[in-house]
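input02.cif (mmCIF, C-alpha atoms) appears below.
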```cif
data_structure
loop_
_atom_site.label_atom_id
_atom_site.label_comp_id
_atom_site.auth_asym_id
_atom_site.auth_seq_id
_atom_site.Cartn_x
_atom_site.Cartn_y
_atom_site.Cartn_z
CA MET V 489 100.92 97.46 98.43
CA ALA V 490 98.17 96.95 100.95
CA LEU V 491 97.01 100.09 102.67
CA PRO V 492 97.39 100.13 106.45
CA HIS V 493 94.22 99.52 108.43
CA ALA V 494 92.71 102.36 110.41
CA GLN V 495 93.24 102.33 114.16
CA SER V 496 90.54 102.56 116.82
CA CYS V 497 89.08 106.11 116.89
CA GLU V 498 90.81 107.08 113.62
CA VAL V 499 88.44 108.90 111.23
CA VAL V 500 88.17 107.51 107.69
CA SER V 501 86.29 109.35 104.95
CA LEU V 502 83.71 107.26 103.09
CA ARG V 503 82.37 110.07 100.92
CA PRO V 504 81.69 109.06 97.31
CA LEU V 505 84.89 108.55 95.31
CA GLY V 506 83.36 109.99 92.13
CA PRO V 507 86.02 110.32 89.41
CA ARG V 508 88.67 108.71 91.68
CA LEU V 509 86.69 105.45 91.71
CA HIS V 510 88.58 103.92 88.77
CA ASP V 511 91.92 104.51 90.51
CA THR V 512 90.82 103.18 93.89
CA PRO V 513 91.13 99.49 94.74
CA THR V 514 88.88 97.60 97.11
CA SER V 515 90.49 97.83 100.54
CA ALA V 516 90.01 96.64 104.10
CA LEU V 517 89.58 99.73 106.29
CA ILE V 518 89.49 97.77 109.53
CA LYS V 519 90.51 94.27 110.44
CA ALA V 520 90.06 93.92 114.16
CA GLY V 521 89.25 91.08 116.51
CA GLN V 522 85.51 90.99 115.84
CA LEU V 523 84.81 93.14 112.80
CA GLU V 524 86.31 93.51 109.34
CA VAL V 525 85.21 96.56 107.36
CA ILE V 526 85.89 96.75 103.62
CA ARG V 527 85.22 99.43 101.04
CA VAL V 528 84.35 97.38 97.96
CA VAL V 529 84.95 99.34 94.73
CA LEU V 530 83.18 98.01 91.63
CA PRO V 531 83.46 99.84 88.31
CA ALA V 532 80.37 99.47 86.09
CA GLY V 533 80.00 95.92 84.77
CA LYS V 534 82.35 94.37 87.34
CA GLU V 535 81.18 91.63 89.64
CA GLN V 536 82.16 90.36 93.03
CA HIS V 537 81.82 86.62 92.54
CA GLN V 538 79.53 84.52 94.63
CA HIS V 539 80.84 84.15 98.13
CA ASP V 540 79.56 83.92 101.66
CA ALA V 541 80.87 84.77 105.11
CA PRO V 542 80.96 82.68 108.29
CA GLY V 543 79.41 85.52 110.32
CA GLU V 544 76.73 88.16 109.76
CA ILE V 545 77.45 90.94 107.32
CA THR V 546 75.99 94.29 106.41
CA LEU V 547 76.20 96.18 103.12
CA LEU V 548 75.73 99.90 102.58
CA CYS V 549 75.86 101.32 99.06
CA LEU V 550 77.99 104.48 99.23
CA GLU V 551 77.60 105.51 95.58
CA GLY V 552 76.49 104.21 92.20
CA GLU V 553 74.19 101.28 91.55
CA VAL V 554 74.73 97.63 92.32
CA LEU V 555 72.68 94.52 91.69
CA PHE V 556 72.62 92.32 94.78
CA GLN V 557 71.57 88.70 94.36
CA ALA V 558 71.21 86.02 97.04
CA GLY V 559 69.34 82.90 96.01
CA ALA V 560 65.98 83.95 94.58
CA GLN V 561 66.30 87.47 96.00
CA SER V 562 67.55 90.33 93.91
CA HIS V 563 67.74 94.04 94.77
CA THR V 564 69.16 97.08 93.06
CA LEU V 565 71.09 99.06 95.69
CA ARG V 566 71.69 102.78 95.30
CA GLU V 567 73.43 105.34 97.52
CA GLY V 568 72.15 104.96 101.07
CA ASP V 569 70.62 101.51 100.61
CA PHE V 570 71.55 99.11 103.40
CA LEU V 571 70.98 95.46 104.10
CA HIS V 572 71.95 92.80 106.61
CA LEU V 573 72.70 89.17 105.84
CA VAL V 574 72.63 86.25 108.21
CA PRO V 575 75.74 84.01 108.07
CA ARG V 576 76.54 81.77 105.12
CA ILE V 577 74.23 83.31 102.54
CA PRO V 578 75.99 83.05 99.17
CA HIS V 579 75.56 86.33 97.34
CA VAL V 580 76.79 88.20 94.28
CA LEU V 581 77.28 91.94 93.69
CA ARG V 582 77.35 93.36 90.15
CA ALA V 583 77.86 97.05 89.45
CA LEU V 584 75.24 98.53 87.12
CA GLN V 585 77.04 101.88 87.45
CA ASP V 586 80.43 102.71 88.98
CA ALA V 587 79.83 101.92 92.64
CA SER V 588 81.38 101.54 96.05
CA LEU V 589 79.98 99.82 99.11
CA LEU V 590 80.77 99.57 102.79
CA VAL V 591 80.83 95.92 103.82
CA THR V 592 81.01 95.02 107.52
CA ILE V 593 81.73 91.39 108.37
CA CYS V 594 81.48 89.81 111.81
CA LEU V 595 84.54 87.61 112.08
CA VAL V 596 83.29 85.69 115.09
CA PRO V 597 82.23 82.19 114.00
CA VAL V 598 78.61 81.34 114.69
CA ARG V 599 78.17 78.57 117.21
CA ALA V 600 76.69 75.44 115.66
CA MET T 425 55.71 101.91 119.30
CA ALA T 426 58.99 100.29 118.40
CA LEU T 427 59.55 99.85 114.70
CA PRO T 428 60.00 96.27 113.53
CA HIS T 429 63.57 95.26 112.74
CA ALA T 430 64.54 94.63 109.16
CA GLN T 431 64.88 91.03 108.05
CA SER T 432 67.91 89.45 106.38
CA CYS T 433 68.22 90.74 102.78
CA GLU T 434 65.60 93.48 103.35
CA VAL T 435 66.70 96.85 101.93
CA VAL T 436 66.59 99.82 104.31
CA SER T 437 67.18 103.38 103.10
CA LEU T 438 69.77 105.34 105.05
CA ARG T 439 69.70 108.45 102.88
CA PRO T 440 69.83 111.71 104.84
CA LEU T 441 66.58 112.45 106.67
CA GLY T 442 66.85 116.19 106.05
CA PRO T 443 63.68 117.97 107.24
CA ARG T 444 62.22 114.68 108.57
CA LEU T 445 65.03 114.41 111.11
CA HIS T 446 63.11 116.16 113.89
CA ASP T 447 60.22 113.70 113.53
CA THR T 448 62.39 110.59 113.38
CA PRO T 449 63.40 108.78 116.56
CA THR T 450 66.59 106.81 117.02
CA SER T 451 65.79 103.22 116.05
CA ALA T 452 67.38 99.79 115.87
CA LEU T 453 67.32 98.70 112.23
CA ILE T 454 68.73 95.25 112.93
CA LYS T 455 69.03 93.22 116.09
CA ALA T 456 70.39 89.85 115.08
CA GLY T 457 72.53 87.22 116.75
CA GLN T 458 75.86 88.95 116.22
CA LEU T 459 75.19 92.49 115.09
CA GLU T 460 72.94 95.31 116.21
CA VAL T 461 72.58 98.24 113.82
CA ILE T 462 71.07 101.51 115.01
CA ARG T 463 70.31 104.77 113.25
CA VAL T 464 71.03 107.34 115.94
CA VAL T 465 69.18 110.61 115.35
CA LEU T 466 70.54 113.66 117.19
CA PRO T 467 69.00 117.09 116.65
CA ALA T 468 71.48 119.97 117.04
CA GLY T 469 72.59 120.38 120.64
CA LYS T 470 71.46 116.94 121.76
CA GLU T 471 73.87 114.48 123.25
CA GLN T 472 74.10 110.75 123.53
CA HIS T 473 75.43 110.35 127.06
CA GLN T 474 78.65 108.59 127.79
CA HIS T 475 78.33 104.88 127.28
CA ASP T 476 80.36 101.97 126.05
CA ALA T 477 79.68 98.62 124.42
CA PRO T 478 80.94 95.14 125.32
CA GLY T 479 81.95 94.46 121.70
CA GLU T 480 83.52 96.45 118.87
CA ILE T 481 81.46 99.19 117.27
CA THR T 482 81.61 101.32 114.15
CA LEU T 483 80.11 104.77 113.56
CA LEU T 484 79.30 106.35 110.20
CA CYS T 485 77.98 109.90 110.09
CA LEU T 486 75.07 109.91 107.61
CA GLU T 487 74.33 113.64 107.76
CA GLY T 488 74.99 116.74 109.81
CA GLU T 489 77.86 117.30 112.22
CA VAL T 490 78.64 115.48 115.44
CA LEU T 491 81.34 115.92 118.05
CA PHE T 492 82.73 112.52 119.04
CA GLN T 493 84.71 112.30 122.29
CA ALA T 494 86.45 109.26 123.78
CA GLY T 495 88.89 109.99 126.56
CA ALA T 496 91.37 112.57 125.34
CA GLN T 497 90.34 112.07 121.70
CA SER T 498 87.85 114.35 120.03
CA HIS T 499 86.74 114.44 116.39
CA THR T 500 84.12 116.36 114.47
CA LEU T 501 82.33 113.87 112.21
CA ARG T 502 80.56 115.00 109.06
CA GLU T 503 78.66 113.08 106.36
CA GLY T 504 80.74 110.10 105.27
CA ASP T 505 83.11 110.11 108.24
CA PHE T 506 83.58 106.66 109.73
CA LEU T 507 85.37 105.26 112.75
CA HIS T 508 85.85 101.98 114.58
CA LEU T 509 86.07 101.54 118.33
CA VAL T 510 87.55 98.62 120.23
CA PRO T 511 85.31 97.26 123.02
CA ARG T 512 84.58 99.15 126.21
CA ILE T 513 85.70 102.62 125.13
CA PRO T 514 83.39 105.11 126.87
CA HIS T 515 82.38 107.77 124.35
CA VAL T 516 80.02 110.67 123.92
CA LEU T 517 78.30 112.02 120.79
CA ARG T 518 77.00 115.59 120.66
CA ALA T 519 75.27 117.03 117.60
CA LEU T 520 76.74 120.34 116.42
CA GLN T 521 74.14 120.35 113.64
CA ASP T 522 71.08 118.11 113.12
CA ALA T 523 72.69 114.75 112.51
CA SER T 524 72.12 111.05 112.09
CA LEU T 525 74.62 108.22 112.37
CA LEU T 526 74.77 104.55 111.56
CA VAL T 527 76.05 102.64 114.59
CA THR T 528 76.98 98.96 114.25
CA ILE T 529 77.60 97.04 117.46
CA CYS T 530 79.08 93.58 117.73
CA LEU T 531 76.95 91.83 120.33
CA VAL T 532 79.36 88.96 120.83
CA PRO T 533 81.17 89.36 124.17
CA VAL T 534 84.93 89.62 123.91
CA ARG T 535 86.78 86.73 125.49
CA ALA T 536 88.74 87.74 128.57
#
```

For this file, write the structure as C-alpha cells.
Amino acid sequence: MALPHAQSCEVVSLRPLGPRLHDTPTSALIKAGQLEVIRVVLPAGKEQHQHDAPGEITLLCLEGEVLFQAGAQSHTLREGDFLHLVPRIPHVLRALQDASLLVTICLVPVRA
Amino acid sequence: MALPHAQSCEVVSLRPLGPRLHDTPTSALIKAGQLEVIRVVLPAGKEQHQHDAPGEITLLCLEGEVLFQAGAQSHTLREGDFLHLVPRIPHVLRALQDASLLVTICLVPVRA
C-alpha cells in the first residue's frame, strides 16, 4: 500500500534508516504541483536503472554509498553529498553500501 | 565575494559545518532555470525574517535546531527534519542552536 504523502508544513524525518533500511521501500514523500520529493532506498548492490526527468532534479545522499553515473561522469556519493542535474540527463544510481537518497524533481516541464 | 554556483553533476558536500558554522555565510549552491538551492546558516539566536516564495519550497535541517513558524503552525526542526511548503506561505526561521538548512525553491511562477 502506498504511503500517504506529507502535507504542506508537515515534518518528515529523513534521519538515516540504519538497520530499518532493508524493510523500508522507496517512497514519494511529497507530490505537489511543482515538486516531487522521493526517498530512494537502495540496499547494497541494487541499482536504479537509467532514467531521466523532464525537469531539474537534485540528489542528496542521506546514508551509505552510491555510485552515480551520467554519461561520462561518475561520482561516489556518501552521506551529505549533493548534486543538481539539468533536465533530461539520463543517469544511474547503484548502491555500493546500503543507502538512501533524497531526490527532488521539478515537475514543471521545461519550455522548448 | 559571492561563491560560484555549482554546475550540473558537480558534487557539493552538505555535511554539518560544526565549528566552521560561525565562519560560513548563507550561500546559494545552485541557481538554475527551475530550482534555486540555498544553504541557510543561522547561528543560535539569529532569525531569517518573515518571507515567502512565489513557488513551492522544501526545507531540510542539516544540523542544529531551528524554530519554524508559518501562521499558527510552529515546529522545532532538528537534523534530518524535512518539510514542504506550498507557494506564498510567509514563514520565519529562528535558530535555537547553531544550525544550517538546505532550502530548495522552485523558481517557476505558479499559474493563477

### Query
Can you list, as a ChimeraX atom specification, every protein, DNA or RNA residue that comes within 10 Å of Thr512 in chain V when you count all atoms listed in the file, leaving out same-chain residues fewer than 6 positions away?
/V:505,527-531,588

### Residues of chain V within 7 Å of chain T, all atoms listed in the file counted, as a PyMOL selection string
chain V and resi 496-503+522+544+568-574

Using C-alpha atoms, can you write the selected residues to a file as a short mmCIF file (atom, residue, chain, number, x, y, z; two decimals), keeping the file's coordinate frame?
```cif
data_model
loop_
_atom_site.label_atom_id
_atom_site.label_comp_id
_atom_site.auth_asym_id
_atom_site.auth_seq_id
_atom_site.Cartn_x
_atom_site.Cartn_y
_atom_site.Cartn_z
CA SER V 496 90.54 102.56 116.82
CA CYS V 497 89.08 106.11 116.89
CA GLU V 498 90.81 107.08 113.62
CA VAL V 499 88.44 108.90 111.23
CA VAL V 500 88.17 107.51 107.69
CA SER V 501 86.29 109.35 104.95
CA LEU V 502 83.71 107.26 103.09
CA ARG V 503 82.37 110.07 100.92
CA GLN V 522 85.51 90.99 115.84
CA GLU V 544 76.73 88.16 109.76
CA GLY V 568 72.15 104.96 101.07
CA ASP V 569 70.62 101.51 100.61
CA PHE V 570 71.55 99.11 103.40
CA LEU V 571 70.98 95.46 104.10
CA HIS V 572 71.95 92.80 106.61
CA LEU V 573 72.70 89.17 105.84
CA VAL V 574 72.63 86.25 108.21
#
```

Fit chain T to chain V: least squares, all C-alpha atoms, paired in order; write the output as a compact mmCIF listing (two decimals) with C-alpha atoms, keeping the file's coordinate frame.
```txt
# COMPACT_ATOMS: atom_id res chain seq x y z
CA MET T 425 100.95 97.56 98.44
CA ALA T 426 98.20 96.98 100.95
CA LEU T 427 97.00 100.09 102.69
CA PRO T 428 97.40 100.12 106.46
CA HIS T 429 94.23 99.51 108.44
CA ALA T 430 92.73 102.34 110.41
CA GLN T 431 93.26 102.34 114.15
CA SER T 432 90.56 102.56 116.83
CA CYS T 433 89.08 106.10 116.89
CA GLU T 434 90.81 107.07 113.61
CA VAL T 435 88.45 108.90 111.22
CA VAL T 436 88.18 107.50 107.69
CA SER T 437 86.29 109.34 104.95
CA LEU T 438 83.72 107.27 103.08
CA ARG T 439 82.37 110.07 100.92
CA PRO T 440 81.69 109.06 97.31
CA LEU T 441 84.89 108.55 95.31
CA GLY T 442 83.36 109.99 92.14
CA PRO T 443 86.03 110.31 89.41
CA ARG T 444 88.67 108.70 91.68
CA LEU T 445 86.71 105.44 91.71
CA HIS T 446 88.57 103.92 88.77
CA ASP T 447 91.92 104.50 90.51
CA THR T 448 90.82 103.18 93.89
CA PRO T 449 91.13 99.50 94.74
CA THR T 450 88.87 97.61 97.10
CA SER T 451 90.49 97.83 100.54
CA ALA T 452 90.01 96.64 104.10
CA LEU T 453 89.59 99.72 106.28
CA ILE T 454 89.49 97.77 109.53
CA LYS T 455 90.52 94.26 110.43
CA ALA T 456 90.06 93.92 114.16
CA GLY T 457 89.24 91.07 116.50
CA GLN T 458 85.51 90.99 115.82
CA LEU T 459 84.81 93.13 112.79
CA GLU T 460 86.29 93.50 109.34
CA VAL T 461 85.21 96.55 107.35
CA ILE T 462 85.88 96.75 103.62
CA ARG T 463 85.21 99.43 101.04
CA VAL T 464 84.36 97.39 97.96
CA VAL T 465 84.95 99.33 94.74
CA LEU T 466 83.17 98.00 91.63
CA PRO T 467 83.44 99.84 88.32
CA ALA T 468 80.36 99.46 86.10
CA GLY T 469 80.00 95.93 84.79
CA LYS T 470 82.34 94.36 87.33
CA GLU T 471 81.18 91.64 89.63
CA GLN T 472 82.16 90.36 93.02
CA HIS T 473 81.83 86.61 92.52
CA GLN T 474 79.54 84.52 94.61
CA HIS T 475 80.85 84.14 98.12
CA ASP T 476 79.57 83.92 101.64
CA ALA T 477 80.86 84.77 105.10
CA PRO T 478 80.94 82.67 108.28
CA GLY T 479 79.41 85.52 110.32
CA GLU T 480 76.73 88.15 109.77
CA ILE T 481 77.45 90.94 107.32
CA THR T 482 75.98 94.30 106.42
CA LEU T 483 76.19 96.18 103.11
CA LEU T 484 75.72 99.91 102.58
CA CYS T 485 75.85 101.32 99.06
CA LEU T 486 77.99 104.48 99.22
CA GLU T 487 77.58 105.51 95.58
CA GLY T 488 76.48 104.22 92.21
CA GLU T 489 74.19 101.28 91.54
CA VAL T 490 74.73 97.62 92.33
CA LEU T 491 72.67 94.52 91.67
CA PHE T 492 72.63 92.33 94.78
CA GLN T 493 71.58 88.69 94.35
CA ALA T 494 71.22 86.02 97.04
CA GLY T 495 69.35 82.91 96.00
CA ALA T 496 66.00 83.94 94.58
CA GLN T 497 66.30 87.47 96.01
CA SER T 498 67.55 90.33 93.91
CA HIS T 499 67.74 94.04 94.77
CA THR T 500 69.17 97.08 93.06
CA LEU T 501 71.08 99.06 95.69
CA ARG T 502 71.68 102.78 95.29
CA GLU T 503 73.43 105.35 97.52
CA GLY T 504 72.16 104.96 101.07
CA ASP T 505 70.62 101.52 100.62
CA PHE T 506 71.56 99.13 103.40
CA LEU T 507 70.99 95.46 104.09
CA HIS T 508 71.94 92.79 106.61
CA LEU T 509 72.70 89.17 105.84
CA VAL T 510 72.64 86.23 108.22
CA PRO T 511 75.74 84.00 108.06
CA ARG T 512 76.55 81.77 105.12
CA ILE T 513 74.22 83.31 102.53
CA PRO T 514 75.99 83.05 99.16
CA HIS T 515 75.57 86.34 97.32
CA VAL T 516 76.78 88.19 94.28
CA LEU T 517 77.27 91.93 93.68
CA ARG T 518 77.37 93.35 90.16
CA ALA T 519 77.86 97.05 89.45
CA LEU T 520 75.23 98.54 87.13
CA GLN T 521 77.03 101.88 87.45
CA ASP T 522 80.43 102.71 89.00
CA ALA T 523 79.82 101.93 92.64
CA SER T 524 81.37 101.54 96.05
CA LEU T 525 79.97 99.81 99.11
CA LEU T 526 80.77 99.57 102.78
CA VAL T 527 80.83 95.92 103.83
CA THR T 528 81.01 95.01 107.52
CA ILE T 529 81.73 91.38 108.37
CA CYS T 530 81.46 89.81 111.79
CA LEU T 531 84.54 87.62 112.07
CA VAL T 532 83.29 85.70 115.08
CA PRO T 533 82.23 82.19 114.02
CA VAL T 534 78.61 81.35 114.70
CA ARG T 535 78.12 78.61 117.25
CA ALA T 536 76.67 75.44 115.74
```

### Query
Between CA of Arg444 in chain T and CA of Leu491 in chain T, what is the distance, to one decimal in Å?
21.4 Å

### Task
Any chance you could resolve the PyMOL selection byres ((chain T and resi 519) around 7) against this file and give the residues as a ChimeraX atom specification?
/T:466-471,489-491,517-518,520-523

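The gap separating CA of Gln474 in chain T from CA of Gly495 in chain T is 10.4 Å, in Å to one decimal.
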
### Task
Rounded to one decimal place, report the CA of Pro492 in chain V-CA of Pro514 in chain T distance in Å.
25.3 Å

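Non-sequential neighbours of Ile526 in chain V (distance at most 6 Å, separation of 4 or more positions within a chain, all atoms listed in the file) are Ser515, Ala516, Leu517, Leu590 and Val591 of chain V.
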
Edge lengths and centre in Å to one decimal, as JSON, is what I'm after for the box along x, y and z that holds all listed atoms of range 574-577 of chain V once 3 Å is added on each side.
```
{"center_x": 74.6, "center_y": 84.0, "center_z": 105.4, "size_x": 9.9, "size_y": 10.5, "size_z": 11.7}
```

Add whatever atoms are absent from range 574-585 of chain V to reach all heavy atoms, and provide the output as a PDB file, in the coordinates of the input.
```
ATOM      1  N   VAL V 574      72.254  87.253 107.225  1.00  0.00           N
ATOM      2  CA  VAL V 574      72.630  86.250 108.210  1.00  0.00           C
ATOM      3  C   VAL V 574      73.830  85.465 107.669  1.00  0.00           C
ATOM      4  O   VAL V 574      74.155  85.571 106.483  1.00  0.00           O
ATOM      5  CB  VAL V 574      71.424  85.321 108.553  1.00  0.00           C
ATOM      6  CG1 VAL V 574      70.333  86.129 109.247  1.00  0.00           C
ATOM      7  CG2 VAL V 574      70.889  84.638 107.317  1.00  0.00           C
ATOM      8  N   PRO V 575      74.510  84.683 108.527  1.00  0.00           N
ATOM      9  CA  PRO V 575      75.740  84.010 108.070  1.00  0.00           C
ATOM     10  C   PRO V 575      75.473  83.011 106.944  1.00  0.00           C
ATOM     11  O   PRO V 575      74.389  82.426 106.859  1.00  0.00           O
ATOM     12  CB  PRO V 575      76.228  83.267 109.327  1.00  0.00           C
ATOM     13  CG  PRO V 575      75.640  84.032 110.461  1.00  0.00           C
ATOM     14  CD  PRO V 575      74.304  84.485 109.971  1.00  0.00           C
ATOM     15  N   ARG V 576      76.486  82.836 106.136  1.00  0.00           N
ATOM     16  CA  ARG V 576      76.540  81.770 105.120  1.00  0.00           C
ATOM     17  C   ARG V 576      75.457  81.878 104.073  1.00  0.00           C
ATOM     18  O   ARG V 576      74.884  80.870 103.654  1.00  0.00           O
ATOM     19  CB  ARG V 576      76.509  80.382 105.792  1.00  0.00           C
ATOM     20  CG  ARG V 576      77.639  80.185 106.794  1.00  0.00           C
ATOM     21  CD  ARG V 576      77.818  78.727 107.166  1.00  0.00           C
ATOM     22  NE  ARG V 576      78.728  78.616 108.314  1.00  0.00           N
ATOM     23  CZ  ARG V 576      78.343  78.653 109.581  1.00  0.00           C
ATOM     24  NH1 ARG V 576      77.064  78.765 109.880  1.00  0.00           N
ATOM     25  NH2 ARG V 576      79.227  78.573 110.549  1.00  0.00           N
ATOM     26  N   ILE V 577      75.159  83.104 103.654  1.00  0.00           N
ATOM     27  CA  ILE V 577      74.230  83.310 102.540  1.00  0.00           C
ATOM     28  C   ILE V 577      75.080  83.648 101.311  1.00  0.00           C
ATOM     29  O   ILE V 577      75.638  84.748 101.230  1.00  0.00           O
ATOM     30  CB  ILE V 577      73.263  84.488 102.815  1.00  0.00           C
ATOM     31  CG1 ILE V 577      72.459  84.268 104.082  1.00  0.00           C
ATOM     32  CG2 ILE V 577      72.344  84.720 101.616  1.00  0.00           C
ATOM     33  CD1 ILE V 577      71.422  83.194 103.979  1.00  0.00           C
ATOM     34  N   PRO V 578      75.206  82.718 100.369  1.00  0.00           N
ATOM     35  CA  PRO V 578      75.990  83.050  99.170  1.00  0.00           C
ATOM     36  C   PRO V 578      75.324  84.203  98.427  1.00  0.00           C
ATOM     37  O   PRO V 578      74.092  84.228  98.284  1.00  0.00           O
ATOM     38  CB  PRO V 578      75.926  81.749  98.342  1.00  0.00           C
ATOM     39  CG  PRO V 578      75.517  80.680  99.297  1.00  0.00           C
ATOM     40  CD  PRO V 578      74.652  81.363 100.323  1.00  0.00           C
ATOM     41  N   HIS V 579      76.127  85.166  98.003  1.00  0.00           N
ATOM     42  CA  HIS V 579      75.560  86.330  97.340  1.00  0.00           C
ATOM     43  C   HIS V 579      76.554  86.885  96.325  1.00  0.00           C
ATOM     44  O   HIS V 579      77.759  86.627  96.403  1.00  0.00           O
ATOM     45  CB  HIS V 579      75.168  87.412  98.361  1.00  0.00           C
ATOM     46  CG  HIS V 579      76.293  87.868  99.213  1.00  0.00           C
ATOM     47  ND1 HIS V 579      76.721  87.163 100.313  1.00  0.00           N
ATOM     48  CD2 HIS V 579      77.117  88.940  99.134  1.00  0.00           C
ATOM     49  CE1 HIS V 579      77.734  87.781 100.871  1.00  0.00           C
ATOM     50  NE2 HIS V 579      78.010  88.869 100.176  1.00  0.00           N
ATOM     51  N   VAL V 580      76.008  87.623  95.380  1.00  0.00           N
ATOM     52  CA  VAL V 580      76.790  88.200  94.280  1.00  0.00           C
ATOM     53  C   VAL V 580      76.464  89.689  94.218  1.00  0.00           C
ATOM     54  O   VAL V 580      75.314  90.091  94.427  1.00  0.00           O
ATOM     55  CB  VAL V 580      76.379  87.541  92.940  1.00  0.00           C
ATOM     56  CG1 VAL V 580      77.151  88.151  91.778  1.00  0.00           C
ATOM     57  CG2 VAL V 580      76.573  86.039  92.977  1.00  0.00           C
ATOM     58  N   LEU V 581      77.470  90.500  93.921  1.00  0.00           N
ATOM     59  CA  LEU V 581      77.280  91.940  93.690  1.00  0.00           C
ATOM     60  C   LEU V 581      77.758  92.248  92.273  1.00  0.00           C
ATOM     61  O   LEU V 581      78.866  91.854  91.902  1.00  0.00           O
ATOM     62  CB  LEU V 581      78.117  92.754  94.672  1.00  0.00           C
ATOM     63  CG  LEU V 581      77.769  92.642  96.149  1.00  0.00           C
ATOM     64  CD1 LEU V 581      78.836  93.313  97.006  1.00  0.00           C
ATOM     65  CD2 LEU V 581      76.400  93.291  96.416  1.00  0.00           C
ATOM     66  N   ARG V 582      76.924  92.948  91.502  1.00  0.00           N
ATOM     67  CA  ARG V 582      77.350  93.360  90.150  1.00  0.00           C
ATOM     68  C   ARG V 582      77.040  94.837  89.975  1.00  0.00           C
ATOM     69  O   ARG V 582      75.901  95.267  90.201  1.00  0.00           O
ATOM     70  CB  ARG V 582      76.653  92.518  89.078  1.00  0.00           C
ATOM     71  CG  ARG V 582      77.161  92.846  87.657  1.00  0.00           C
ATOM     72  CD  ARG V 582      76.911  91.702  86.682  1.00  0.00           C
ATOM     73  NE  ARG V 582      75.486  91.382  86.583  1.00  0.00           N
ATOM     74  CZ  ARG V 582      74.627  92.012  85.788  1.00  0.00           C
ATOM     75  NH1 ARG V 582      75.036  92.991  85.014  1.00  0.00           N
ATOM     76  NH2 ARG V 582      73.349  91.665  85.767  1.00  0.00           N
ATOM     77  N   ALA V 583      78.041  95.603  89.579  1.00  0.00           N
ATOM     78  CA  ALA V 583      77.860  97.050  89.450  1.00  0.00           C
ATOM     79  C   ALA V 583      77.123  97.381  88.145  1.00  0.00           C
ATOM     80  O   ALA V 583      77.590  97.038  87.065  1.00  0.00           O
ATOM     81  CB  ALA V 583      79.217  97.758  89.474  1.00  0.00           C
ATOM     82  N   LEU V 584      75.988  98.045  88.284  1.00  0.00           N
ATOM     83  CA  LEU V 584      75.240  98.530  87.120  1.00  0.00           C
ATOM     84  C   LEU V 584      75.780  99.893  86.697  1.00  0.00           C
ATOM     85  O   LEU V 584      75.706 100.279  85.542  1.00  0.00           O
ATOM     86  CB  LEU V 584      73.748  98.618  87.464  1.00  0.00           C
ATOM     87  CG  LEU V 584      73.134  97.302  87.976  1.00  0.00           C
ATOM     88  CD1 LEU V 584      71.674  97.514  88.402  1.00  0.00           C
ATOM     89  CD2 LEU V 584      73.225  96.204  86.933  1.00  0.00           C
ATOM     90  N   GLN V 585      76.288 100.634  87.689  1.00  0.00           N
ATOM     91  CA  GLN V 585      77.040 101.880  87.450  1.00  0.00           C
ATOM     92  C   GLN V 585      78.265 101.823  88.369  1.00  0.00           C
ATOM     93  O   GLN V 585      78.274 101.057  89.333  1.00  0.00           O
ATOM     94  CB  GLN V 585      76.209 103.107  87.828  1.00  0.00           C
ATOM     95  CG  GLN V 585      74.939 103.298  87.032  1.00  0.00           C
ATOM     96  CD  GLN V 585      74.120 104.482  87.545  1.00  0.00           C
ATOM     97  OE1 GLN V 585      74.598 105.281  88.359  1.00  0.00           O
ATOM     98  NE2 GLN V 585      72.892 104.573  87.091  1.00  0.00           N
TER      99      GLN V 585
END
```
